Each structure stands twice: as structure tokens, then as C-alpha cells.
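To keep things clear, I will list the structure first and then write my remarks on it.
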Amino acid sequence: MAKEITSRSEDYSQWYIDLVKKADLAENSDVRGCMVIKPYGYSIWEKMQQALDKMFKDTGHVNAYFPLFVPKSMFEAEEKNAEGFAKECAIVTHYRLKTDPNNKGKLMVDPDAKLEEELVVRPTSEAIIWSSYKKWIQSYRDLPILINQWANVVRWEMRTRLFLRTAEFLWQEGHTAHATSQEAVKETVQMLNVYAEFVETFMALPVIKGVKSEGERFPGAIDTYCIEAMMQDGKALQAGTSHFLGQNFAKAFDVKFATKEGRLEHVWGTSWGVSTRLMGALIMAHSDDEGLVLPPKLAPIHVVIIPIFKNEEELSKIAEKIEPVISSLRKAGYSVKFDSRDTQKPGFKFAEYELKGVPLRIAIGPRDLENGTVEVARRDTKEKRVYQLSSIVEEIPRLLDAIQDNIYQKALKFKSEATHTVDSYDDFKRILDDKGGFILAHWDGTAETEEAIKNETKATIRCIPLDAKEEAGHCIYSGKPSTKRVVFARAY
RNA sequence: CGGGGUGUAGCGUAGCCCGGUAUCGCGCUUGGUUUGGGACCAAGAGGUCGUCAGUUCGAAUCUGGCCACCCCGACCA
């Protein structure tokens, strides 16, 4: 009742906000544009971090940490990158406050404490990292450098939305340096594949892998690879990017190395990142009007057990009966919560854990004690089934796998139904307005056409898919010849 | 930054036009009855009405300044 959320059909974006707040994931803070990630939301992010961090380490990367502040002169070294982020930077200009003589009890910025050089709060860390790499790299023997950092960054967005766009957000950013262009490209693609694999296997969300058009490219990159996911309302969401930086940053920061042959060359770079925005994708991809639906691989609680009892005595009988199940499951690595609160009724708890997206719920009461059974409810299908208590420890892993798979299959089906192929601008606009989704269409490859379509329809080129097949056609906008289809969509 | 809107208890709100110290629901506290799908009854606690000034015997209400937030646009992971 109090926790009721707006339905998706009524107002999708309100549904999203309700979900984030009522499932206790995050809330707006008293700081403009910045959110508080609450414990339940943060525990999902930690699960994501753990899985990604392992994948990074398995591909040879190590973690490090670089400063939050970047001196302005350092920040502006790579011109395109600086320009691209200039409009959204927070800047530290002073290092001290003092009591305000004209305003009792208040503080003011001390005008005598102005910094010689302003510090930019990092919107991304290429600058500070490449200025460090300059000191670390002299020879081909020093390469490659494969570093990741988990950090917060600040981008002063005009309009913010919980998880999807906040002024401060958490992310990881990988920054690598290589001796050859081929090796750097290979790294860029490898990390794109890591992201795709993570999003598909852990988040149960299928993606399109592709390359950004010039207009959508990361400032300072030669190529930006990305994965794009489809949300339930037909809007696309960029879930991760991997950039081939060429020698741009090496040149800007004068990072050279001696080759085996003794020549002095600039190194080749990549950078790649995913952010707490993935939380937004996770929420929007699978959840329903009852609340979150979490894939078991990222759920902080796999199984919640709700005892149904009238008194202390009944509760202790149930607890005794279920205890071996709990400890076996925990031993096997599952997160189990036994909610024995006597302050809430079972129905309240059922609704609460549905809201929070717990994949499996076990209810056990006097009736079950008599029959040696439990009732198991799946969050994804809402299906309830009675199992023998003796078989439950074996059933749980099977059920969790089934849920993970079912959620993915459902999202895959949705994505394929939301993907349309069009050959005329009229069809393009019609489908965009009727259904949204991904639209595969021919494009003449020019920034002008891309810009015109964006202005007229708000749809952007999400990517040029890596698996796009060669196919002669005509640009839906200009009619000029094209050799493959690109993916358009309205996006978050 | 341009256009529009809103600030009243932890949350959501009524009252404002037409001035007389604030309504209702959820939540919270206590007691009792309940407990297999969001319990019920009773009694309570909680508000400088965003802020500063003005008009007035008297301001949530009228006037002006300021601040904050939300929505639509431009920008964006």
C-alpha cells in the first residue's frame, strides 16, 4: 500500500524512480545532482564490481589509484578531450574557508587562499594517468601497462536521474599503454568483449556490440567501441565503452618508448569504463510492476525464508527444521536470509522481498511441518510450488540457474522483437514513434545526415554493429549509397 | 542558461482566491487482538507552514527579494 509503485504502462519513468526509491537502492541527496546509494543498492553494485574485477584480473590487469584532482594545465593537454569535457567540469579554485565577519556563524571562501592553478575534479582520468605513464615508460620492456582503477568521477550534468545520470558517479576506468597499434586495438576489442560477457552472463541482458560514429565518439579517441542494451520502454542504453586512443594521449603527454630496434616511438593507448549506470540498466531491463527482478548472479540475497507462525513455540520448531537447509545452502555459497521478525505479517514480507527482487522465496509453516514440505516461489515467473523439505537443498541451485536463464531468454526475446529493419525514412519515423526499439537502417556515413536525423527524430546512431553484414542499400535520409546498416534508437 | 511549476510533520497532501497559529492518509510510539499474500482496534508523539523583509491588531494565506527543488528544452556515461 504505502510501497505501491507506479505501473510501467502508466508512467515508465515514474515507475523507474519509484522502484529505485522503494526498493531502497538509492535516493536523491541534499547535494544537487548527487545521489546516496543505500546499502541494498550498494550491495548489488559490489556484486557487479566483484565479477568485473575478477574478469579484469583474469585478462592481466591490475588495480591502482590516481588523484581526484587534475591541474588545469594537465587537463587541457589533450585538446579534444579537454574540449569535450570542458562544459561539465567542477573546479576547485580555493583551499580555505574563513569565518564571515559580516555574517555571524557563517563561513566564506577566503579570498587570500586562491590556488595558483585551478584543480579540475576529474570527469575522467586520462590526463592524470598519462602524465604518470610518461614517467613510467622508457622502453618496450615497460610495455604493456594494463591498469584499472575503481573511482568516482564528476560531470556537472544539467539534468540528473538516479543511477542513469548523476553529477558524481562510481565507475571503473581501465587505461592501458601498448607498443603497437594492433596490440592496442586488440585490447580495446578484448575489453569490449569482457563487458558484453559480463552484461549478458551476469546481468542477463543481451547487447549489441558496435563502434560509435564520429559524432558519438569519446573526445580524444580514434575509435569508440560500445555495447548497447534495450530497455523495456524501447529506449537504448549505452552500457559500456572501450576506446582506442591511438597515440593521441601519448603525443599530448609526450610518452615515448625505445623499440627493440632503438627507435623512439609514441605509445598506443586504450581506455574503457562502465559505471553505476549499469544499475539503471539492470533495474529497467527485468523488473515489473511488483518491483525489482534481479538475476541470481547479482542478487545480494538468493533465497529468503519466511516462517509462518503464531507463537514463539511454532517459530522455534520451524527454525529447528529449516536450520540444516540454511547452513547447507550457505556452505554451498548461497546467500540466505531467514526473516523471523514477528513485527510484520507474512504477506507483508512476501511483498517486500518481491519489491526487492529476491529470486527465491521459501515459506514454511505448521502445515509444512506436518507434511515435511516447503512452498517455493520464483520471483521471475511468480510461480509457486511445494517441494519436499528433504530435496530443497538440491533444488535451489537448479532453480537459481533456471531463473538466471529465463530472465536472459526473456530479455533476448524482447530485444529481438524490439529490433526493426527499415528502408524508408517514413517507416523509420513511424516505428520510432509507435514502438521505439533498435532500428536497423542504411546511412550514408556523413555527420550531417546523422545530425539531421537526430534533430528531426531525437534518434541517434547507437552504433555500427561489429557483425553488420555487407549489404548494398540507400541511406534512408539522403538516398546516397550505403554498404551496411547501422543501429538507430532513442537513448538514455 | 531559456520556458513552466512547486515549497505545509519522516513521506504524500488539504487549507491560500476571500488573513484569525493548520486538514487528512501513510509511517512512527504504546497496549491489546491477529499472523499461509501488503492486519485490526484504541490511545499517543511529531509542524519556526523554504527563507528574509514588508503590509496588518493579527500572515501558511496579501506584497517584494532571495534560496532550493521538479518538469520541458539545450548538454550528457
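To be explicit about the labels: the chains of the C-alpha cells are called A, B, and onward in the order shown, and within each one the residues are counted from 1, while ligands get numbers from 1 in the order they are shown.
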Using DSSP on the backbone coordinates, identify the residues of region 151-352 of chain A assigned to alpha helix (DSSP H); present them as a PyMOL selection string.
chain A and resi 181-201+248-252+277-286+312-331+346-352
Give the strand (DSSP E) residues of region 238-463 of chain A, as DSSP finds them on the backbone, and put them as a PyMOL selection string.
chain A and resi 238-246+256-258+264-266+268-275+303-307+336-338+360-364+373-378+384-388+419-421+438-442+460-463
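Proximity to Phe249 (chain A) at 7 Å, evaluated using only C-alpha atoms (C1' of nucleotides) and with sequence-adjacent residues fewer than 2 positions away removed, yields Glu78, Trp130, Gln247, Lys251, Ala252 and Phe253 of chain A.
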Neighbouring residues of Gly365 (chain A) were defined as those with any atom within 9 Å, considering only C-alpha atoms (C1' of nucleotides); residues of the same chain fewer than 4 positions away were excluded. Please report them as a list in words.
Ile306, Pro307, Ile308, Phe309, Glu314, Leu315, Ile318, Leu369, Glu370 and Val374 of chain A; G36 of chain B
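Excluding region 43-60 of chain B itself and same-chain residues fewer than 5 positions from it, the residues having an atom within 7 Å of it are G7, U8, A9, G19, G20, U29 and C67 of chain B, counting only C-alpha atoms (C1' of nucleotides).
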Keeping only all heavy atoms, write those residues as a compact mmCIF listing (two decimals), in the first residue's frame.
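The file below, part05.txt, is the result:
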# COMPACT_ATOMS: atom_id res chain seq x y z
P G B 7 3.11 24.29 -3.26
OP1 G B 7 1.98 23.65 -2.54
OP2 G B 7 3.18 25.75 -3.37
O5' G B 7 4.49 23.77 -2.69
C5' G B 7 4.72 23.64 -1.33
C4' G B 7 6.12 23.15 -1.13
O4' G B 7 7.03 23.71 -2.09
C3' G B 7 6.65 23.55 0.24
O3' G B 7 7.50 22.54 0.75
C2' G B 7 7.44 24.82 -0.07
O2' G B 7 8.48 25.03 0.85
C1' G B 7 8.00 24.51 -1.47
N9 G B 7 8.22 25.73 -2.26
C8 G B 7 7.32 26.36 -3.09
N7 G B 7 7.82 27.42 -3.68
C5 G B 7 9.12 27.49 -3.21
C6 G B 7 10.14 28.42 -3.49
O6 G B 7 10.09 29.40 -4.25
N1 G B 7 11.32 28.14 -2.81
C2 G B 7 11.49 27.07 -1.96
N2 G B 7 12.69 26.96 -1.39
N3 G B 7 10.55 26.18 -1.68
C4 G B 7 9.39 26.46 -2.34
P U B 8 6.78 21.37 1.59
OP1 U B 8 7.87 20.73 2.35
OP2 U B 8 5.95 20.58 0.68
O5' U B 8 5.83 22.12 2.61
C5' U B 8 6.36 22.76 3.76
C4' U B 8 5.31 22.89 4.80
O4' U B 8 4.12 23.49 4.23
C3' U B 8 4.78 21.58 5.37
O3' U B 8 5.64 21.03 6.34
C2' U B 8 3.45 22.03 5.95
O2' U B 8 3.65 22.77 7.13
C1' U B 8 2.96 22.98 4.86
N1 U B 8 2.13 22.31 3.83
C2 U B 8 0.83 21.98 4.18
O2 U B 8 0.38 22.20 5.29
N3 U B 8 0.11 21.36 3.19
C4 U B 8 0.52 21.05 1.93
O4 U B 8 -0.24 20.50 1.15
C5 U B 8 1.89 21.41 1.64
C6 U B 8 2.62 22.02 2.59
P A B 9 6.09 19.52 6.28
OP1 A B 9 7.52 19.51 5.94
OP2 A B 9 5.11 18.80 5.44
O5' A B 9 5.94 18.97 7.78
C5' A B 9 6.99 19.14 8.71
C4' A B 9 7.05 17.95 9.65
O4' A B 9 5.82 17.92 10.43
C3' A B 9 7.17 16.60 8.97
O3' A B 9 8.01 15.74 9.73
C2' A B 9 5.75 16.06 9.01
O2' A B 9 5.69 14.66 9.01
C1' A B 9 5.27 16.62 10.34
N9 A B 9 3.82 16.73 10.47
C8 A B 9 2.85 16.51 9.54
N7 A B 9 1.63 16.65 10.00
C5 A B 9 1.80 16.99 11.33
C6 A B 9 0.90 17.28 12.36
N6 A B 9 -0.41 17.26 12.21
N1 A B 9 1.42 17.57 13.57
C2 A B 9 2.75 17.58 13.73
N3 A B 9 3.70 17.34 12.82
C4 A B 9 3.15 17.04 11.64
P G B 19 -9.21 37.92 3.38
OP1 G B 19 -10.12 38.57 4.33
OP2 G B 19 -8.47 38.72 2.39
O5' G B 19 -8.11 37.11 4.17
C5' G B 19 -8.29 35.75 4.50
C4' G B 19 -7.17 35.39 5.43
O4' G B 19 -6.15 36.42 5.41
C3' G B 19 -7.64 35.28 6.87
O3' G B 19 -7.00 34.18 7.48
C2' G B 19 -7.21 36.59 7.50
O2' G B 19 -6.89 36.45 8.87
C1' G B 19 -5.93 36.91 6.70
N9 G B 19 -5.67 38.36 6.61
C8 G B 19 -6.34 39.28 5.86
N7 G B 19 -5.86 40.50 5.99
C5 G B 19 -4.81 40.35 6.88
C6 G B 19 -3.91 41.31 7.40
O6 G B 19 -3.87 42.52 7.17
N1 G B 19 -3.01 40.75 8.26
C2 G B 19 -2.96 39.42 8.59
N2 G B 19 -2.01 39.05 9.45
N3 G B 19 -3.78 38.49 8.11
C4 G B 19 -4.68 39.04 7.26
P G B 20 -7.83 33.02 8.22
OP1 G B 20 -7.16 31.74 7.93
OP2 G B 20 -9.26 33.21 7.90
O5' G B 20 -7.59 33.40 9.75
C5' G B 20 -6.29 33.32 10.32
C4' G B 20 -6.35 33.42 11.84
O4' G B 20 -6.68 34.79 12.22
C3' G B 20 -7.39 32.54 12.52
O3' G B 20 -6.89 32.21 13.81
C2' G B 20 -8.58 33.49 12.67
O2' G B 20 -9.44 33.14 13.71
C1' G B 20 -7.88 34.80 12.98
N9 G B 20 -8.59 36.02 12.59
C8 G B 20 -9.63 36.19 11.73
N7 G B 20 -9.98 37.45 11.57
C5 G B 20 -9.09 38.16 12.39
C6 G B 20 -8.97 39.55 12.63
O6 G B 20 -9.61 40.47 12.15
N1 G B 20 -7.94 39.83 13.52
C2 G B 20 -7.13 38.88 14.11
N2 G B 20 -6.22 39.33 14.94
N3 G B 20 -7.24 37.56 13.89
C4 G B 20 -8.24 37.28 13.02
P U B 29 7.74 2.13 15.95
OP1 U B 29 8.99 1.41 16.24
OP2 U B 29 6.58 1.41 15.38
O5' U B 29 7.26 2.87 17.28
C5' U B 29 8.17 3.62 18.07
C4' U B 29 7.45 4.17 19.26
O4' U B 29 6.46 5.13 18.80
C3' U B 29 6.62 3.15 20.04
O3' U B 29 7.41 2.43 20.95
C2' U B 29 5.59 4.04 20.73
O2' U B 29 6.16 4.70 21.84
C1' U B 29 5.31 5.08 19.64
N1 U B 29 4.13 4.76 18.80
C2 U B 29 2.88 5.02 19.35
O2 U B 29 2.74 5.46 20.48
N3 U B 29 1.82 4.75 18.52
C4 U B 29 1.88 4.25 17.25
O4 U B 29 0.83 4.05 16.62
C5 U B 29 3.19 4.00 16.75
C6 U B 29 4.26 4.26 17.53
P C B 67 19.30 33.59 -5.28
OP1 C B 67 20.71 33.54 -5.73
OP2 C B 67 18.22 33.70 -6.28
O5' C B 67 19.01 32.32 -4.36
C5' C B 67 19.82 32.05 -3.23
C4' C B 67 19.24 30.92 -2.43
O4' C B 67 17.94 31.30 -1.91
C3' C B 67 18.94 29.65 -3.22
O3' C B 67 20.09 28.88 -3.47
C2' C B 67 17.93 28.96 -2.30
O2' C B 67 18.58 28.38 -1.18
C1' C B 67 17.11 30.15 -1.83
N1 C B 67 15.90 30.35 -2.67
C2 C B 67 14.79 29.51 -2.47
O2 C B 67 14.85 28.62 -1.61
N3 C B 67 13.67 29.68 -3.23
C4 C B 67 13.65 30.65 -4.14
N4 C B 67 12.53 30.78 -4.86
C5 C B 67 14.76 31.52 -4.37
C6 C B 67 15.86 31.34 -3.61
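When CA of Leu264 (chain A) is paired with CA of Ala221 (chain A), their separation reads 22.3 Å.
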Considering only C-alpha atoms (C1' of nucleotides), give me a table of residues in chain B that are at most 12 Å from chain A, with the closest atom pair and distance in Å for each, as CSV.
residue,atom,partner,partner_atom,distance
B:C1,C1',A:Met158,CA,9.8
B:C11,C1',A:Ala2,CA,9.4
B:G12,C1',A:Ala2,CA,9.7
B:G25,C1',A:Ala2,CA,9.9
B:C26,C1',A:Ala2,CA,5.9
B:G27,C1',A:Ala2,CA,8.4
B:U34,C1',A:Lys310,CA,8.9
B:U35,C1',A:Lys345,CA,5.5
B:G36,C1',A:Ile308,CA,6.9
B:G37,C1',A:Gly347,CA,4.3
B:G38,C1',A:Phe348,CA,4.4
B:A39,C1',A:Lys345,CA,7.7
B:A68,C1',A:Arg32,CA,9.5
B:C69,C1',A:Arg32,CA,9.0
B:C70,C1',A:Arg159,CA,10.6
B:C71,C1',A:Arg159,CA,10.7
B:C72,C1',A:Arg159,CA,11.4
B:G73,C1',A:Arg159,CA,11.1
B:A74,C1',A:Met158,CA,9.5
B:C75,C1',A:Met158,CA,6.9
B:C76,C1',A:Glu157,CA,6.6
B:A77,C1',A:Ser275,CA,7.1
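The spacing separating C1' of A42 (chain B) from C1' of A22 (chain B) amounts to 24.8 Å.
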